[in-house]
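J.: This is start_28.txt (compact mmCIF, C-alpha atoms).
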# COMPACT_ATOMS: atom_id res chain seq x y z
CA THR A 223 -165.00 165.80 -65.12
CA ILE A 224 -163.02 162.56 -64.91
CA VAL A 225 -161.33 163.25 -68.24
CA SER A 226 -160.44 166.75 -67.03
CA LEU A 227 -158.86 165.30 -63.88
CA LEU A 228 -156.84 162.81 -65.90
CA ALA A 229 -155.72 165.54 -68.31
CA ALA A 230 -154.29 167.77 -65.56
CA TYR A 231 -150.84 166.16 -65.46
CA PRO A 232 -150.38 165.87 -69.28
CA LEU A 233 -151.43 169.48 -69.82
CA ALA A 234 -149.12 170.74 -67.09
CA ALA A 235 -146.28 168.79 -68.69
CA LEU A 236 -147.14 170.15 -72.16
CA TRP A 237 -147.03 173.72 -70.87
CA ARG A 238 -143.95 172.98 -68.71
CA GLN A 239 -145.86 174.33 -65.69
CA PRO A 240 -146.02 171.67 -62.94
CA GLY A 241 -147.73 174.18 -60.66
CA LEU A 242 -150.82 174.02 -62.88
CA VAL A 243 -151.79 170.53 -61.75
CA GLY A 244 -153.68 171.78 -58.68
CA PRO A 245 -155.59 174.56 -60.48
CA LEU A 246 -156.50 172.26 -63.37
CA MET A 247 -157.88 169.66 -60.97
CA ALA A 248 -159.81 172.35 -59.11
CA LEU A 249 -161.35 173.46 -62.41
CA SER A 250 -162.38 169.93 -63.45
CA PRO A 251 -165.93 170.18 -61.97
CA VAL A 252 -166.66 172.83 -64.62
CA ALA A 253 -166.63 170.06 -67.24
CA GLY A 254 -169.51 168.37 -65.43
CA LEU A 255 -171.46 171.54 -64.67
CA LEU A 256 -171.50 173.14 -68.11
CA PRO A 257 -173.56 170.35 -69.77
CA VAL A 258 -176.30 170.97 -67.20
CA GLY A 259 -176.60 174.60 -68.21
CA LEU A 260 -176.31 173.82 -71.91
CA ALA A 261 -179.16 171.30 -71.69
CA VAL A 262 -181.35 173.82 -69.89
CA LEU A 263 -180.39 176.43 -72.50
CA GLY A 264 -182.05 174.36 -75.21
CA VAL A 265 -185.24 174.11 -73.17
CA ALA A 266 -185.13 177.85 -72.41
CA ARG A 267 -184.88 178.64 -76.12
CA ALA A 268 -187.91 176.45 -76.81
CA HIS A 269 -189.85 178.49 -74.22
CA GLU A 270 -188.34 181.78 -75.53
CA ASP A 271 -187.15 182.55 -72.02
CA LEU A 272 -184.51 185.30 -71.98
CA PHE A 273 -184.34 186.01 -68.25
CA GLY A 274 -182.83 182.70 -67.18
CA ARG A 275 -179.97 182.75 -69.65
CA ALA A 276 -179.14 186.46 -69.73
CA VAL A 277 -179.73 187.35 -66.08
CA LEU A 278 -179.24 184.14 -64.09
CA ARG A 279 -176.72 182.10 -66.07
CA ASP A 280 -174.60 184.80 -67.72
CA GLY A 281 -175.17 187.88 -65.55
CA SER A 282 -175.47 186.48 -62.04
CA GLY A 283 -173.08 183.63 -62.84
CA GLY A 284 -170.44 186.09 -63.98
CA VAL A 285 -170.87 188.18 -60.85
CA ALA A 286 -170.67 185.06 -58.67
CA ARG A 287 -167.41 183.96 -60.30
CA LEU A 288 -165.94 187.44 -59.98
CA VAL A 289 -166.91 187.85 -56.32
CA LEU A 290 -165.81 184.36 -55.23
CA VAL A 291 -162.44 184.59 -56.98
CA ALA A 292 -161.86 188.14 -55.68
CA LEU A 293 -162.71 187.17 -52.10
CA THR A 294 -160.43 184.13 -52.33
CA ALA A 295 -157.58 186.27 -53.62
CA LEU A 296 -158.11 188.90 -50.92
CA ALA A 297 -158.06 186.12 -48.31
CA GLY A 298 -154.64 185.06 -49.56
CA GLY A 299 -155.76 181.98 -51.48
CA GLY A 300 -153.40 180.68 -54.14
CA ALA A 301 -154.06 179.61 -57.71
CA THR A 302 -155.69 176.31 -56.71
CA ALA A 303 -158.03 178.01 -54.25
CA GLN A 304 -158.97 180.64 -56.81
CA ALA A 305 -159.65 177.93 -59.39
CA ALA A 306 -161.91 176.18 -56.90
CA ALA A 307 -163.73 179.46 -56.28
CA PHE A 308 -164.21 179.85 -60.02
CA SER A 309 -165.67 176.32 -60.21
CA ALA A 310 -168.03 177.21 -57.38
CA GLY A 311 -169.16 180.28 -59.31
CA VAL A 312 -169.85 178.11 -62.36
CA GLY A 313 -171.91 175.83 -60.12
CA VAL A 314 -173.97 178.79 -58.92
CA ALA A 315 -174.68 179.79 -62.54
CA GLU A 316 -175.48 176.38 -64.02
CA LEU A 317 -177.42 174.94 -61.10
CA GLY A 318 -179.25 178.23 -60.62
CA PHE A 319 -180.28 178.09 -64.28
CA PHE A 320 -181.51 174.53 -63.76
CA ALA A 321 -183.49 175.60 -60.68
CA HIS A 322 -185.06 178.38 -62.75
CA GLY A 323 -186.35 175.72 -65.13
CA VAL A 324 -187.76 173.73 -62.22
CA ARG A 325 -189.57 176.81 -60.93
CA ARG A 326 -191.00 177.49 -64.38
CA GLY A 327 -192.24 173.90 -64.65
CA TRP A 328 -190.21 173.07 -67.76
CA TYR A 329 -189.50 169.51 -66.63
CA ARG A 330 -192.95 168.75 -65.21
CA GLY A 331 -194.21 165.42 -66.52
CA ALA A 332 -190.83 164.45 -67.97
CA ARG A 333 -189.88 160.80 -67.59
CA GLY A 334 -186.34 159.52 -67.43
CA SER A 335 -185.73 157.09 -70.30
CA TRP A 336 -183.16 156.19 -72.93
CA ASP A 337 -184.25 157.62 -76.27
CA GLY A 338 -182.00 156.00 -78.84
CA GLU A 339 -183.36 158.04 -81.72
CA LEU A 340 -182.77 161.29 -79.83
CA ILE A 341 -179.22 160.27 -78.90
CA ARG A 342 -178.41 159.44 -82.53
CA GLY A 343 -179.84 162.78 -83.60
CA LEU A 344 -177.64 164.61 -81.13
CA ARG A 345 -174.37 163.16 -82.45
CA PRO A 346 -173.74 165.96 -84.97
CA PHE A 347 -174.35 168.52 -82.23
CA ALA A 348 -171.94 166.72 -79.88
CA LEU A 349 -169.26 166.98 -82.56
CA LEU A 350 -170.14 170.63 -83.06
CA ALA A 351 -169.78 171.29 -79.32
CA LEU A 352 -166.35 169.64 -79.28
CA VAL A 353 -165.10 171.58 -82.29
CA SER A 354 -166.52 174.81 -80.87
CA GLN A 355 -164.60 174.33 -77.62
CA LEU A 356 -161.40 173.75 -79.59
CA ALA A 357 -162.05 176.96 -81.52
CA GLN A 358 -162.50 178.85 -78.27
CA TRP A 359 -159.31 177.67 -76.59
CA PHE A 360 -156.79 176.56 -79.24
CA ASP A 361 -154.96 179.90 -79.23
CA LEU A 362 -154.40 179.83 -75.47
CA LEU A 363 -153.26 176.20 -75.62
CA LEU A 364 -150.71 177.06 -78.31
CA LEU A 365 -149.53 180.14 -76.44
CA GLY A 366 -149.17 178.18 -73.21
CA ALA A 367 -147.00 175.61 -74.97
CA MET A 368 -144.84 178.12 -76.86
CA ALA A 369 -144.54 181.26 -74.72
CA SER A 370 -143.78 182.38 -71.19
CA ALA A 371 -146.31 182.50 -68.37
CA THR A 372 -146.16 186.30 -68.53
CA GLN A 373 -147.30 186.32 -72.14
CA VAL A 374 -150.06 183.84 -71.35
CA GLY A 375 -151.26 186.11 -68.55
CA LEU A 376 -151.25 189.21 -70.75
CA TYR A 377 -153.15 187.45 -73.49
CA GLY A 378 -155.50 185.73 -71.07
CA VAL A 379 -156.60 189.09 -69.67
CA ALA A 380 -157.24 190.45 -73.16
CA ARG A 381 -159.20 187.35 -74.15
CA SER A 382 -161.22 187.46 -70.93
CA LEU A 383 -162.38 190.99 -71.71
CA LEU A 384 -163.48 189.92 -75.18
CA ARG A 385 -165.15 186.84 -73.66
CA VAL A 386 -167.44 189.22 -71.78
CA VAL A 387 -168.32 190.76 -75.14
CA ALA A 388 -169.00 187.28 -76.56
CA LEU A 389 -171.38 186.50 -73.68
CA VAL A 390 -173.25 189.72 -74.40
CA ALA A 391 -173.53 188.70 -78.06
CA GLU A 392 -174.85 185.25 -77.17
CA ALA A 393 -177.43 186.67 -74.77
CA ALA A 394 -178.55 189.32 -77.27
CA GLY A 395 -179.10 186.70 -79.98
CA HIS A 396 -180.77 184.21 -77.63
CA ARG A 397 -184.14 184.14 -79.42
CA PHE A 398 -182.77 183.97 -82.94
CA LEU A 399 -182.17 180.22 -83.24
CA PRO A 400 -185.70 178.92 -82.45
CA ARG A 401 -187.39 181.63 -84.52
CA ALA A 402 -185.02 181.10 -87.46
CA ALA A 403 -185.68 177.35 -87.31
CA GLN A 404 -189.42 178.02 -87.51
CA ALA A 405 -188.96 180.37 -90.48
CA VAL A 406 -186.73 177.89 -92.32
CA ALA A 407 -189.22 175.07 -91.72
CA ALA A 408 -192.01 177.29 -93.10
CA GLY A 409 -189.94 178.11 -96.18
CA SER A 410 -190.31 181.86 -95.62
CA GLY A 411 -187.23 183.46 -97.17
CA GLN A 412 -188.35 187.00 -96.34
CA THR A 413 -188.85 186.10 -92.69
CA VAL A 414 -185.42 184.46 -92.55
CA ASP A 415 -183.82 187.58 -94.05
CA ARG A 416 -185.68 189.86 -91.64
CA LEU A 417 -184.73 187.75 -88.63
CA TYR A 418 -181.11 187.61 -89.73
CA GLY A 419 -180.84 191.37 -90.15
CA GLY A 420 -182.70 192.02 -86.90
CA ALA A 421 -180.55 189.60 -84.91
CA ARG A 422 -177.38 191.15 -86.29
CA SER A 423 -178.47 194.65 -85.31
CA ILE A 424 -179.54 193.58 -81.82
CA VAL A 425 -176.22 191.82 -81.25
CA LEU A 426 -174.18 194.68 -82.71
CA ILE A 427 -175.81 197.37 -80.57
CA PRO A 428 -174.30 196.15 -77.26
CA VAL A 429 -171.23 194.39 -78.72
CA GLY A 430 -170.11 197.16 -81.07
CA PRO A 431 -169.59 199.84 -78.38
CA LEU A 432 -167.88 197.41 -75.97
CA ALA A 433 -165.48 196.19 -78.64
CA ALA A 434 -164.97 199.75 -79.92
CA VAL A 435 -163.72 200.84 -76.48
CA ALA A 436 -161.17 198.03 -76.53
CA LEU A 437 -160.22 198.97 -80.10
CA ALA A 438 -159.90 202.71 -79.49
CA ALA A 439 -158.30 202.72 -76.01
CA PRO A 440 -156.92 199.25 -75.21
CA ARG A 441 -153.95 200.45 -73.17
CA GLU A 442 -156.02 202.84 -71.07
CA LEU A 443 -158.63 200.15 -70.45
CA LEU A 444 -156.11 197.54 -69.32
CA VAL A 445 -154.25 199.97 -67.06
CA LEU A 446 -157.47 201.14 -65.42
CA LEU A 447 -158.78 197.62 -64.80
CA PHE A 448 -155.61 195.68 -64.04
CA GLY A 449 -152.70 198.10 -63.59
CA ALA A 450 -149.72 199.26 -65.64
CA ASP A 451 -148.15 195.78 -65.70
CA TYR A 452 -150.82 194.68 -68.19
CA ALA A 453 -150.29 197.56 -70.63
CA PRO A 454 -148.14 195.39 -72.98
CA GLY A 455 -151.27 193.38 -73.75
CA ALA A 456 -152.83 196.37 -75.55
CA PRO A 457 -151.83 195.35 -79.14
CA ALA A 458 -153.37 191.89 -78.69
CA LEU A 459 -156.55 193.38 -77.20
CA ARG A 460 -156.85 195.86 -80.07
CA LEU A 461 -156.51 193.12 -82.70
CA LEU A 462 -159.01 190.86 -80.90
CA ALA A 463 -161.52 193.73 -80.67
CA LEU A 464 -161.18 194.47 -84.39
CA ILE A 465 -161.82 190.83 -85.29
CA VAL A 466 -164.86 190.66 -82.98
CA ILE A 467 -166.38 193.70 -84.70
CA LEU A 468 -165.80 192.21 -88.16
CA VAL A 469 -167.30 188.86 -87.20
CA VAL A 470 -170.35 190.38 -85.48
CA ALA A 471 -170.92 192.66 -88.49
CA VAL A 472 -171.20 189.58 -90.71
CA GLY A 473 -173.99 188.28 -88.49
CA VAL A 474 -174.82 184.80 -87.25
CA PRO A 475 -174.46 182.56 -90.32
CA ASP A 476 -173.48 179.55 -88.21
CA ARG A 477 -176.70 179.74 -86.21
CA LEU A 478 -178.77 180.03 -89.36
CA LEU A 479 -177.01 176.97 -90.79
CA ILE A 480 -177.83 175.10 -87.57
CA ALA A 481 -181.44 176.28 -87.81
CA ALA A 482 -181.49 174.90 -91.37
CA GLY A 483 -180.45 171.48 -90.07
CA SER A 484 -176.78 171.60 -91.08
CA PRO A 485 -174.75 171.25 -87.86
CA GLY A 486 -172.34 168.95 -89.73
CA THR A 487 -171.52 171.75 -92.16
CA VAL A 488 -170.80 174.09 -89.25
CA SER A 489 -168.51 171.48 -87.64
CA ARG A 490 -166.55 170.90 -90.84
CA ILE A 491 -166.08 174.60 -91.54
CA ARG A 492 -165.04 175.26 -87.95
CA ALA A 493 -162.54 172.37 -88.04
CA VAL A 494 -160.97 173.75 -91.23
CA ALA A 495 -160.72 177.22 -89.65
CA ILE A 496 -159.05 175.74 -86.54
CA VAL A 497 -156.44 173.96 -88.67
CA ILE A 498 -155.66 177.19 -90.52
CA GLY A 499 -155.57 179.19 -87.28
CA THR A 500 -153.27 176.61 -85.68
CA ALA A 501 -150.88 176.82 -88.62
CA VAL A 502 -150.81 180.61 -88.29
CA GLY A 503 -150.23 180.29 -84.53
CA LEU A 504 -147.29 177.91 -84.96
CA TRP A 505 -145.68 180.50 -87.20
CA ALA A 506 -146.72 183.72 -85.42
CA ILE A 507 -146.49 182.92 -81.69
CA PRO A 508 -142.70 182.34 -81.60
CA ARG A 509 -142.29 185.70 -83.33
CA TRP A 510 -144.86 187.92 -81.59
CA GLN A 511 -145.96 185.97 -78.50
CA ALA A 512 -149.37 187.22 -77.31
CA LEU A 513 -149.96 189.26 -80.46
CA GLY A 514 -149.21 186.12 -82.50
CA ALA A 515 -151.89 184.21 -80.58
CA ALA A 516 -154.36 187.03 -81.27
CA LEU A 517 -153.45 186.84 -84.95
CA ALA A 518 -154.01 183.06 -84.96
CA TRP A 519 -157.43 183.42 -83.37
CA GLY A 520 -158.29 186.30 -85.69
CA VAL A 521 -157.41 184.34 -88.82
CA MET A 522 -159.47 181.41 -87.56
CA ALA A 523 -162.47 183.64 -86.85
CA VAL A 524 -162.31 185.46 -90.20
CA VAL A 525 -161.90 182.24 -92.19
CA GLU A 526 -164.77 180.68 -90.27
CA ALA A 527 -167.09 183.66 -90.81
CA GLY A 528 -166.23 183.81 -94.51
CA LEU A 529 -166.87 180.12 -95.13
CA PHE A 530 -170.07 180.22 -93.07
CA THR A 531 -171.31 183.13 -95.15
CA LEU A 532 -170.47 181.46 -98.47
CA SER A 533 -172.24 178.29 -97.38
CA LEU A 534 -175.24 180.26 -96.17
CA ARG A 535 -175.54 182.29 -99.36
CA GLY A 536 -175.83 179.07 -101.31
CA ARG A 537 -178.88 178.03 -99.27
CA HIS A 538 -180.65 181.18 -98.09
CA PRO A 539 -180.37 184.52 -99.96
CA VAL A 540 -179.97 186.68 -96.86
CA ARG A 541 -178.56 190.17 -97.25
CA ILE A 542 -175.13 190.52 -95.67
CA VAL A 543 -174.49 194.22 -96.39
CA THR A 544 -177.42 196.55 -95.77
CA ARG A 545 -177.96 200.26 -95.19
CA GLY A 546 -179.09 199.51 -91.65
CA LEU A 547 -175.83 197.67 -90.93
CA TRP A 548 -173.73 200.65 -92.00
CA ALA A 549 -175.84 202.98 -89.86
CA VAL A 550 -175.42 200.83 -86.74
CA LEU A 551 -171.67 200.43 -87.36
CA ALA A 552 -171.27 204.17 -87.84
CA VAL A 553 -172.70 205.12 -84.45
CA THR A 554 -171.59 202.12 -82.36
CA VAL A 555 -168.06 201.63 -83.72
CA VAL A 556 -166.87 204.45 -85.97
CA LEU A 557 -167.97 207.21 -83.59
CA PRO A 558 -166.09 205.98 -80.45
CA VAL A 559 -163.04 204.98 -82.51
CA ALA A 560 -162.92 208.45 -84.10
CA VAL A 561 -163.24 210.09 -80.69
CA GLY A 562 -160.40 207.90 -79.40
CA TRP A 563 -158.18 208.81 -82.36
CA LEU A 564 -158.80 212.52 -81.82
CA ALA A 565 -158.17 212.24 -78.08
CA HIS A 566 -154.89 210.43 -78.67
CA ALA A 567 -153.90 212.98 -81.31
CA ARG A 568 -154.43 215.77 -78.76
CA GLN A 569 -152.34 213.75 -76.24
CA LEU A 570 -154.99 213.96 -73.56
CA GLU A 571 -154.60 212.33 -70.16
CA PRO A 572 -155.25 208.54 -70.40
CA ARG A 573 -158.23 208.51 -68.06
CA LEU A 574 -159.81 211.35 -70.01
CA VAL A 575 -159.23 209.48 -73.27
CA LEU A 576 -161.00 206.44 -71.88
CA ALA A 577 -163.85 208.54 -70.47
CA LEU A 578 -164.41 210.24 -73.83
CA VAL A 579 -164.37 206.93 -75.72
CA VAL A 580 -166.77 205.29 -73.28
CA SER A 581 -169.09 208.29 -73.46
CA ALA A 582 -169.08 208.21 -77.26
CA ALA A 583 -169.75 204.46 -77.20
CA GLY A 584 -172.70 204.97 -74.86
CA VAL A 585 -174.16 207.71 -77.03
CA GLY A 586 -173.69 205.55 -80.12
CA ALA A 587 -175.39 202.55 -78.52
CA LEU A 588 -178.36 204.69 -77.49
CA ALA A 589 -178.64 206.24 -80.95
CA ALA A 590 -178.51 202.81 -82.60
CA LEU A 591 -181.14 201.44 -80.24
CA VAL A 592 -183.49 204.32 -81.02
CA GLY A 593 -182.86 203.97 -84.75
CA VAL A 594 -183.55 200.23 -84.80
CA ALA A 595 -186.71 200.73 -82.72
CA ARG A 596 -188.03 203.32 -85.15
CA ALA A 597 -187.13 201.18 -88.17
CA SER A 598 -189.06 198.25 -86.76
CA GLY A 599 -192.23 200.29 -86.49
CA ALA A 600 -191.75 201.59 -82.92
CA SER A 601 -191.78 197.97 -81.64
CA SER A 602 -189.21 196.55 -79.27
CA PRO A 603 -186.05 195.43 -81.16
CA ALA A 604 -185.79 192.48 -78.82
CA SER A 605 -188.77 191.00 -80.63
CA GLU A 606 -186.53 190.23 -83.53
Could you take the file, read its structure, and then write that structure out as structure tokens?
T.:
Amino acid sequence: TIVSLLAAYPLAALWRQPGLVGPLMALSPVAGLLPVGLAVLGVARAHEDLFGRAVLRDGSGGVARLVLVALTALAGGGATAQAAAFSAGVGVAELGFFAHGVRRGWYRGARGSWDGELIRGLRPFALLALVSQLAQWFDLLLLGAMASATQVGLYGVARSLLRVVALVAEAAGHRFLPRAAQAVAAGSGQTVDRLYGGARSIVLIPVGPLAAVALAAPRELLVLLFGADYAPGAPALRLLALIVILVVAVGVPDRLLIAAGSPGTVSRIRAVAIVIGTAVGLWAIPRWQALGAALAWGVMAVVEAGLFTLSLRGRHPVRIVTRGLWAVLAVTVVLPVAVGWLAHARQLEPRLVLALVVSAAGVGALAALVGVARASGASSPASE
């Protein structure tokens, strides 16, 4: 939090936006609140608790941020007040998640002490967390330094929509990491492969349709949610959605590498991908503004996924391309995209185009869910 406060003035100067000092300071408590939730997340995974993370931290926290920011805006609050409202929403999510752990008795009997061995063991994960945050925000930082505030706003809206998709992916794959770690420790290659394929399907079922809507009807989606002024952000949203689908289709190789005890490998690969993405951004953003930032992030994500997969294949022979993957992609992504293409070809009214695409995405998600349930022997796919 202190570092965030001190960074407010330098960042505002870098972006040539002196008016950002207040909002950045109002957002600084987030830096102190997020570690609380992240620490509880590790405990929740150990207890295989899905409710706290998916419902309380991500779901209710997201609603709290949305409601508080919306109410502040309706009351006439400026950027600093809205940033403070956002920080308050983060506090509701992270502290509520912590309280959930207290109620479940996760910390009962715990004693406060300095565990030097534990701290040393966490160093690779601290580096991984830092690199992961850079990967999440480097494109916006570059765009803020090299483009107008209007372009930053257009791109920020597109990225925020895809961030919702990312949260869904993280919640859907919540149980994968502890179970994969157990399978790796037991040396069960078949179990690792089964868990990997199951986790990918479970993540793709909700993420595929959401990203497909943004891919098939980005302009209609932005206009409906935010108004016609945000329509120019459609190309960036479409590119981001395409990259998200590609990355999710590959699976979760980074999590499997972490489960195998290789967080340092994940950090190094992610750092290389950030450097490549930054180079692309320095070249593309002056030319294409928001679309250039999307391209930079997309290159970073694709390079990262490719290197993760190559590293994983050298350690665990998991199957990347399977018949089940193609089936899930066909109904969750190809179907709504095809419906969107046909609706645009017939020049239908924008709201009707979006309604048709959303309907196709919903049908595809339901069909994929039923198919995965049947393939797993009529058991719940969440058990994967």
J.: Which value, in Å to one decimal, gives the distance between CA of Leu462 (chain A) and CA of Ala516 (chain A)?
T.: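 A separation of 6.0 Å between them.
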J.: Contacts of region 438-455 of chain A at 6 Å or less, counting all atoms listed in the file, minus same-chain residues fewer than 3 places along, as a PDB file with C-alpha atoms, in the frame of the given file?
T.:
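Everything below was put into part26.pdb:
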ATOM      1  CA  LEU A 376    -151.250 189.210 -70.750  1.00  0.00           C
ATOM      2  CA  ALA A 434    -164.970 199.750 -79.920  1.00  0.00           C
ATOM      3  CA  VAL A 435    -163.720 200.840 -76.480  1.00  0.00           C
ATOM      4  CA  ALA A 458    -153.370 191.890 -78.690  1.00  0.00           C
ATOM      5  CA  ARG A 460    -156.850 195.860 -80.070  1.00  0.00           C
ATOM      6  CA  VAL A 559    -163.040 204.980 -82.510  1.00  0.00           C
ATOM      7  CA  GLY A 562    -160.400 207.900 -79.400  1.00  0.00           C
ATOM      8  CA  PRO A 572    -155.250 208.540 -70.400  1.00  0.00           C
TER       9      PRO A 572
END
J.: With distances taken over only C-alpha atoms, which residue among A:Asp271, A:Leu242, A:Gly378, A:Leu389 lies nearest Gly284 (chain A)?
T.: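 Residue with the minimum atom-to-atom distance to Gly284 (chain A): A:Leu389.
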J.: Give me, as a list of chain:residue names, all polymer residues having an atom no more than 8 Å from Val521 (chain A), counting only C-alpha atoms and skipping those fewer than 2 positions away in the same chain.
T.: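 Counting only the stated atoms, we get A:Ala495, A:Ile498, A:Gly499, A:Val502, A:Leu517, A:Ala518, A:Trp519, A:Ala523, A:Val524, A:Val525.
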J.: Save out the residues we just selected, C-alpha atoms, as a PDB file, in the frame of the given file.
T.:
ATOM      1  CA  ALA A 495    -160.720 177.220 -89.650  1.00  0.00           C
ATOM      2  CA  ILE A 498    -155.660 177.190 -90.520  1.00  0.00           C
ATOM      3  CA  GLY A 499    -155.570 179.190 -87.280  1.00  0.00           C
ATOM      4  CA  VAL A 502    -150.810 180.610 -88.290  1.00  0.00           C
ATOM      5  CA  LEU A 517    -153.450 186.840 -84.950  1.00  0.00           C
ATOM      6  CA  ALA A 518    -154.010 183.060 -84.960  1.00  0.00           C
ATOM      7  CA  TRP A 519    -157.430 183.420 -83.370  1.00  0.00           C
ATOM      8  CA  ALA A 523    -162.470 183.640 -86.850  1.00  0.00           C
ATOM      9  CA  VAL A 524    -162.310 185.460 -90.200  1.00  0.00           C
ATOM     10  CA  VAL A 525    -161.900 182.240 -92.190  1.00  0.00           C
TER      11      VAL A 525
END
J.: I need the residue nearest Ile480 (chain A) from this list: A:Val406, A:Leu278, A:Val555, A:Val550. Use only C-alpha atoms for the distance.
T.: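 Closest to Ile480 (chain A) of all the choices is A:Val406.
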J.: Neighbours of Val466 (chain A) within 9 Å (all atoms listed in the file; same-chain residues fewer than 3 positions away dropped), as a ChimeraX atom specification?
T.: /A:384,387-388,429-430,433,461-463,469-471,520,523
